[in-house]
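Enquirer: Okay, here's the structure, questions in a sec.
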Amino acid sequence: AVYDGKITPFDYFTAEKISPDRIRKMEVDKIFSRKDISKIRFEEKWIWDDKRIEMRKQVNSITLSYDVFDNVGKLRGQKPIFKIIFR
């Protein structure tokens, strides 16, 4: 969907739009690989409906990340690839 322009990715740190061509280039240049995506972070809003007595969840954004390791192979954390914001 990102490559087809159906979903717009954003830079995690600057919130600037990233073009599908740039994402494609990042993958071709091996900055990341789809198979290395190790974490999907959801930002959500939970809403209580008094009338139905139920909780609803609204997903506001999704961030895709991959693991980053130090020179001895120890996990240092995750690096965000891009963020998808739902409005």
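Residue names in the structure tokens use chain letters A, B, ... in the order shown, residue numbers from 1 in each chain, and ligand numbers from 1 in the order shown.
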Residues at most 12 Å from region 6-16 of chain A, counting only C-alpha atoms, excluding those fewer than 3 positions away in the same chain, as a list in words?

Expert: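 Contacts, with the query itself left out: Ala1, Val2, Tyr3, Ser19, Pro20, Asp21, Arg22, Ile23, Arg24, Arg41, Ser61, Ile62, Thr63, Leu64, Ser65, Lys79, Pro80, Ile81, Phe82, Lys83, Ile84, Ile85, Phe86 and Arg87 of chain A.
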
Enquirer: My list of candidates is A:Met26, A:Glu54, A:Asn60, A:Asp70. Which is closest to Phe42 (chain A) when distances are computed with only C-alpha atoms?

Expert: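 The answer is A:Asn60, which sits nearest to Phe42 (chain A).
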
Enquirer: From chain A, collect each residue whose DSSP state is helix (DSSP H, G or I) and return the set as a list in words.

Expert: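 Helix (DSSP H, G or I) members of chain A, listed: Pro20, Asp21, Arg22, Ile23, Arg24, Lys25, Met26, Glu27, Val28, Arg34, Lys35 and Asp36 of chain A.
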
Enquirer: Mind listing the strand (DSSP E) residues of chain A, per DSSP on the backbone, as a PDB file with N, CA, C and O atoms, in the first residue's frame?

Expert:
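Contents of out00.pdb, freshly written:
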ATOM      1  N   PRO A   9       3.737   7.239   4.220  1.00  0.00           N
ATOM      2  CA  PRO A   9       4.655   7.091   5.341  1.00  0.00           C
ATOM      3  C   PRO A   9       5.251   8.449   5.733  1.00  0.00           C
ATOM      4  O   PRO A   9       5.403   9.341   4.900  1.00  0.00           O
ATOM      5  N   PHE A  10       5.590   8.575   7.010  1.00  0.00           N
ATOM      6  CA  PHE A  10       6.188   9.799   7.535  1.00  0.00           C
ATOM      7  C   PHE A  10       7.487   9.453   8.245  1.00  0.00           C
ATOM      8  O   PHE A  10       7.606   8.375   8.834  1.00  0.00           O
ATOM      9  N   ILE A  37      11.933  -6.369   9.838  1.00  0.00           N
ATOM     10  CA  ILE A  37      11.021  -5.606  10.695  1.00  0.00           C
ATOM     11  C   ILE A  37      10.726  -6.462  11.926  1.00  0.00           C
ATOM     12  O   ILE A  37      10.256  -7.591  11.826  1.00  0.00           O
ATOM     13  N   SER A  38      11.065  -5.931  13.094  1.00  0.00           N
ATOM     14  CA  SER A  38      10.961  -6.717  14.319  1.00  0.00           C
ATOM     15  C   SER A  38       9.940  -6.146  15.300  1.00  0.00           C
ATOM     16  O   SER A  38       9.596  -6.808  16.279  1.00  0.00           O
ATOM     17  N   LYS A  39       9.494  -4.933  15.046  1.00  0.00           N
ATOM     18  CA  LYS A  39       8.562  -4.333  15.990  1.00  0.00           C
ATOM     19  C   LYS A  39       7.580  -3.440  15.239  1.00  0.00           C
ATOM     20  O   LYS A  39       7.963  -2.686  14.347  1.00  0.00           O
ATOM     21  N   ILE A  40       6.329  -3.562  15.619  1.00  0.00           N
ATOM     22  CA  ILE A  40       5.290  -2.671  15.119  1.00  0.00           C
ATOM     23  C   ILE A  40       4.678  -1.996  16.343  1.00  0.00           C
ATOM     24  O   ILE A  40       4.153  -2.677  17.234  1.00  0.00           O
ATOM     25  N   ARG A  41       4.810  -0.684  16.389  1.00  0.00           N
ATOM     26  CA  ARG A  41       4.310   0.080  17.534  1.00  0.00           C
ATOM     27  C   ARG A  41       3.007   0.760  17.129  1.00  0.00           C
ATOM     28  O   ARG A  41       2.950   1.457  16.119  1.00  0.00           O
ATOM     29  N   PHE A  42       1.987   0.567  17.929  1.00  0.00           N
ATOM     30  CA  PHE A  42       0.695   1.184  17.691  1.00  0.00           C
ATOM     31  C   PHE A  42       0.476   2.308  18.693  1.00  0.00           C
ATOM     32  O   PHE A  42       0.710   2.117  19.884  1.00  0.00           O
ATOM     33  N   GLU A  43       0.050   3.459  18.207  1.00  0.00           N
ATOM     34  CA  GLU A  43      -0.417   4.521  19.095  1.00  0.00           C
ATOM     35  C   GLU A  43      -1.930   4.495  18.999  1.00  0.00           C
ATOM     36  O   GLU A  43      -2.496   4.585  17.908  1.00  0.00           O
ATOM     37  N   GLU A  44      -2.569   4.342  20.160  1.00  0.00           N
ATOM     38  CA  GLU A  44      -4.010   4.119  20.172  1.00  0.00           C
ATOM     39  C   GLU A  44      -4.723   5.091  21.110  1.00  0.00           C
ATOM     40  O   GLU A  44      -4.119   5.623  22.030  1.00  0.00           O
ATOM     41  N   LYS A  45      -5.979   5.234  20.847  1.00  0.00           N
ATOM     42  CA  LYS A  45      -6.866   5.980  21.734  1.00  0.00           C
ATOM     43  C   LYS A  45      -7.985   5.018  22.114  1.00  0.00           C
ATOM     44  O   LYS A  45      -8.609   4.413  21.244  1.00  0.00           O
ATOM     45  N   TRP A  46      -8.199   4.857  23.401  1.00  0.00           N
ATOM     46  CA  TRP A  46      -9.259   3.976  23.880  1.00  0.00           C
ATOM     47  C   TRP A  46     -10.446   4.845  24.279  1.00  0.00           C
ATOM     48  O   TRP A  46     -10.293   5.836  24.991  1.00  0.00           O
ATOM     49  N   ILE A  47     -11.641   4.451  23.830  1.00  0.00           N
ATOM     50  CA  ILE A  47     -12.837   5.255  24.032  1.00  0.00           C
ATOM     51  C   ILE A  47     -13.891   4.404  24.738  1.00  0.00           C
ATOM     52  O   ILE A  47     -14.211   3.296  24.286  1.00  0.00           O
ATOM     53  N   TRP A  48     -14.413   4.939  25.820  1.00  0.00           N
ATOM     54  CA  TRP A  48     -15.478   4.250  26.547  1.00  0.00           C
ATOM     55  C   TRP A  48     -16.827   4.731  26.034  1.00  0.00           C
ATOM     56  O   TRP A  48     -17.086   5.928  25.946  1.00  0.00           O
ATOM     57  N   ASP A  49     -17.690   3.789  25.679  1.00  0.00           N
ATOM     58  CA  ASP A  49     -19.042   4.091  25.208  1.00  0.00           C
ATOM     59  C   ASP A  49     -20.013   3.750  26.332  1.00  0.00           C
ATOM     60  O   ASP A  49     -20.270   2.573  26.613  1.00  0.00           O
ATOM     61  N   GLU A  54     -19.068  -0.467  26.530  1.00  0.00           N
ATOM     62  CA  GLU A  54     -17.961  -1.155  25.881  1.00  0.00           C
ATOM     63  C   GLU A  54     -16.824  -0.180  25.581  1.00  0.00           C
ATOM     64  O   GLU A  54     -17.027   1.022  25.511  1.00  0.00           O
ATOM     65  N   MET A  55     -15.657  -0.759  25.416  1.00  0.00           N
ATOM     66  CA  MET A  55     -14.478   0.013  25.031  1.00  0.00           C
ATOM     67  C   MET A  55     -14.268  -0.157  23.532  1.00  0.00           C
ATOM     68  O   MET A  55     -14.453  -1.243  22.996  1.00  0.00           O
ATOM     69  N   ARG A  56     -13.855   0.939  22.891  1.00  0.00           N
ATOM     70  CA  ARG A  56     -13.463   0.888  21.486  1.00  0.00           C
ATOM     71  C   ARG A  56     -12.035   1.379  21.386  1.00  0.00           C
ATOM     72  O   ARG A  56     -11.598   2.221  22.160  1.00  0.00           O
ATOM     73  N   LYS A  57     -11.340   0.857  20.414  1.00  0.00           N
ATOM     74  CA  LYS A  57      -9.950   1.256  20.206  1.00  0.00           C
ATOM     75  C   LYS A  57      -9.844   1.944  18.847  1.00  0.00           C
ATOM     76  O   LYS A  57     -10.349   1.452  17.849  1.00  0.00           O
ATOM     77  N   GLN A  58      -9.161   3.083  18.844  1.00  0.00           N
ATOM     78  CA  GLN A  58      -8.893   3.814  17.603  1.00  0.00           C
ATOM     79  C   GLN A  58      -7.387   3.846  17.411  1.00  0.00           C
ATOM     80  O   GLN A  58      -6.652   4.363  18.246  1.00  0.00           O
ATOM     81  N   VAL A  59      -6.899   3.270  16.315  1.00  0.00           N
ATOM     82  CA  VAL A  59      -5.467   3.277  16.027  1.00  0.00           C
ATOM     83  C   VAL A  59      -5.132   4.600  15.345  1.00  0.00           C
ATOM     84  O   VAL A  59      -5.679   4.926  14.301  1.00  0.00           O
ATOM     85  N   ASN A  60      -4.245   5.389  15.957  1.00  0.00           N
ATOM     86  CA  ASN A  60      -3.864   6.697  15.420  1.00  0.00           C
ATOM     87  C   ASN A  60      -2.634   6.630  14.527  1.00  0.00           C
ATOM     88  O   ASN A  60      -2.510   7.403  13.586  1.00  0.00           O
ATOM     89  N   SER A  61      -1.714   5.705  14.835  1.00  0.00           N
ATOM     90  CA  SER A  61      -0.525   5.559  13.997  1.00  0.00           C
ATOM     91  C   SER A  61       0.122   4.199  14.225  1.00  0.00           C
ATOM     92  O   SER A  61      -0.140   3.541  15.231  1.00  0.00           O
ATOM     93  N   ILE A  62       0.945   3.825  13.247  1.00  0.00           N
ATOM     94  CA  ILE A  62       1.734   2.594  13.324  1.00  0.00           C
ATOM     95  C   ILE A  62       3.169   2.962  12.946  1.00  0.00           C
ATOM     96  O   ILE A  62       3.391   3.664  11.960  1.00  0.00           O
ATOM     97  N   THR A  63       4.126   2.498  13.738  1.00  0.00           N
ATOM     98  CA  THR A  63       5.541   2.712  13.436  1.00  0.00           C
ATOM     99  C   THR A  63       6.209   1.359  13.236  1.00  0.00           C
ATOM    100  O   THR A  63       6.091   0.478  14.084  1.00  0.00           O
ATOM    101  N   LEU A  64       6.892   1.203  12.104  1.00  0.00           N
ATOM    102  CA  LEU A  64       7.636  -0.027  11.822  1.00  0.00           C
ATOM    103  C   LEU A  64       9.100   0.189  12.178  1.00  0.00           C
ATOM    104  O   LEU A  64       9.675   1.223  11.827  1.00  0.00           O
ATOM    105  N   SER A  65       9.695  -0.778  12.880  1.00  0.00           N
ATOM    106  CA  SER A  65      11.086  -0.656  13.330  1.00  0.00           C
ATOM    107  C   SER A  65      11.844  -1.955  13.100  1.00  0.00           C
ATOM    108  O   SER A  65      11.245  -3.010  12.918  1.00  0.00           O
ATOM    109  N   TYR A  66      13.172  -1.841  13.137  1.00  0.00           N
ATOM    110  CA  TYR A  66      14.021  -3.032  13.067  1.00  0.00           C
ATOM    111  C   TYR A  66      15.039  -2.986  14.199  1.00  0.00           C
ATOM    112  O   TYR A  66      15.334  -1.922  14.754  1.00  0.00           O
ATOM    113  N   ASP A  67      15.559  -4.159  14.574  1.00  0.00           N
ATOM    114  CA  ASP A  67      16.519  -4.265  15.670  1.00  0.00           C
ATOM    115  C   ASP A  67      17.872  -3.703  15.262  1.00  0.00           C
ATOM    116  O   ASP A  67      18.310  -3.866  14.121  1.00  0.00           O
ATOM    117  N   VAL A  68      18.550  -3.073  16.229  1.00  0.00           N
ATOM    118  CA  VAL A  68      19.906  -2.554  16.041  1.00  0.00           C
ATOM    119  C   VAL A  68      20.804  -3.247  17.068  1.00  0.00           C
ATOM    120  O   VAL A  68      20.469  -3.309  18.250  1.00  0.00           O
ATOM    121  N   PHE A  69      21.934  -3.777  16.593  1.00  0.00           N
ATOM    122  CA  PHE A  69      22.856  -4.516  17.455  1.00  0.00           C
ATOM    123  C   PHE A  69      24.206  -3.807  17.521  1.00  0.00           C
ATOM    124  O   PHE A  69      24.594  -3.100  16.590  1.00  0.00           O
ATOM    125  N   LEU A  75      21.748  -6.684  21.462  1.00  0.00           N
ATOM    126  CA  LEU A  75      20.671  -5.798  21.042  1.00  0.00           C
ATOM    127  C   LEU A  75      20.777  -4.447  21.749  1.00  0.00           C
ATOM    128  O   LEU A  75      20.858  -4.378  22.969  1.00  0.00           O
ATOM    129  N   ARG A  76      20.798  -3.378  20.960  1.00  0.00           N
ATOM    130  CA  ARG A  76      20.849  -2.020  21.517  1.00  0.00           C
ATOM    131  C   ARG A  76      19.468  -1.384  21.573  1.00  0.00           C
ATOM    132  O   ARG A  76      19.222  -0.476  22.343  1.00  0.00           O
ATOM    133  N   GLY A  77      18.569  -1.811  20.682  1.00  0.00           N
ATOM    134  CA  GLY A  77      17.229  -1.242  20.638  1.00  0.00           C
ATOM    135  C   GLY A  77      16.634  -1.396  19.259  1.00  0.00           C
ATOM    136  O   GLY A  77      17.104  -2.209  18.467  1.00  0.00           O
ATOM    137  N   GLN A  78      15.635  -0.595  18.984  1.00  0.00           N
ATOM    138  CA  GLN A  78      14.989  -0.621  17.678  1.00  0.00           C
ATOM    139  C   GLN A  78      15.135   0.737  17.005  1.00  0.00           C
ATOM    140  O   GLN A  78      15.137   1.762  17.672  1.00  0.00           O
ATOM    141  N   LYS A  79      15.235   0.698  15.677  1.00  0.00           N
ATOM    142  CA  LYS A  79      15.318   1.924  14.899  1.00  0.00           C
ATOM    143  C   LYS A  79      14.061   2.028  14.050  1.00  0.00           C
ATOM    144  O   LYS A  79      13.749   1.109  13.282  1.00  0.00           O
ATOM    145  N   PRO A  80      13.320   3.141  14.170  1.00  0.00           N
ATOM    146  CA  PRO A  80      12.119   3.291  13.361  1.00  0.00           C
ATOM    147  C   PRO A  80      12.440   3.487  11.887  1.00  0.00           C
ATOM    148  O   PRO A  80      13.383   4.203  11.533  1.00  0.00           O
ATOM    149  N   ILE A  81      11.675   2.817  11.029  1.00  0.00           N
ATOM    150  CA  ILE A  81      11.828   2.965   9.579  1.00  0.00           C
ATOM    151  C   ILE A  81      10.947   4.101   9.113  1.00  0.00           C
ATOM    152  O   ILE A  81      11.391   5.031   8.449  1.00  0.00           O
ATOM    153  N   PHE A  82       9.667   4.007   9.450  1.00  0.00           N
ATOM    154  CA  PHE A  82       8.725   5.089   9.146  1.00  0.00           C
ATOM    155  C   PHE A  82       7.472   4.907   9.981  1.00  0.00           C
ATOM    156  O   PHE A  82       7.270   3.876  10.629  1.00  0.00           O
ATOM    157  N   LYS A  83       6.667   5.937   9.957  1.00  0.00           N
ATOM    158  CA  LYS A  83       5.424   5.962  10.722  1.00  0.00           C
ATOM    159  C   LYS A  83       4.264   6.209   9.750  1.00  0.00           C
ATOM    160  O   LYS A  83       4.386   6.993   8.818  1.00  0.00           O
ATOM    161  N   ILE A  84       3.171   5.525   9.980  1.00  0.00           N
ATOM    162  CA  ILE A  84       1.957   5.738   9.202  1.00  0.00           C
ATOM    163  C   ILE A  84       0.940   6.368  10.159  1.00  0.00           C
ATOM    164  O   ILE A  84       0.655   5.805  11.217  1.00  0.00           O
ATOM    165  N   ILE A  85       0.448   7.533   9.790  1.00  0.00           N
ATOM    166  CA  ILE A  85      -0.496   8.264  10.637  1.00  0.00           C
ATOM    167  C   ILE A  85      -1.884   8.180  10.028  1.00  0.00           C
ATOM    168  O   ILE A  85      -2.070   8.475   8.853  1.00  0.00           O
TER     169      ILE A  85
END

Enquirer: To one decimal place in Å, what is the distance between CA of Glu27 (chain A) and CA of Lys74 (chain A)?

Expert: 23.7 Å

Enquirer: If I take CA of Ile18 (chain A) and CA of Asp36 (chain A), how far is one from the other in Å, to one decimal?

Expert: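 Calculated distance between CA of Ile18 (chain A) and CA of Asp36 (chain A) is 19.7 Å.
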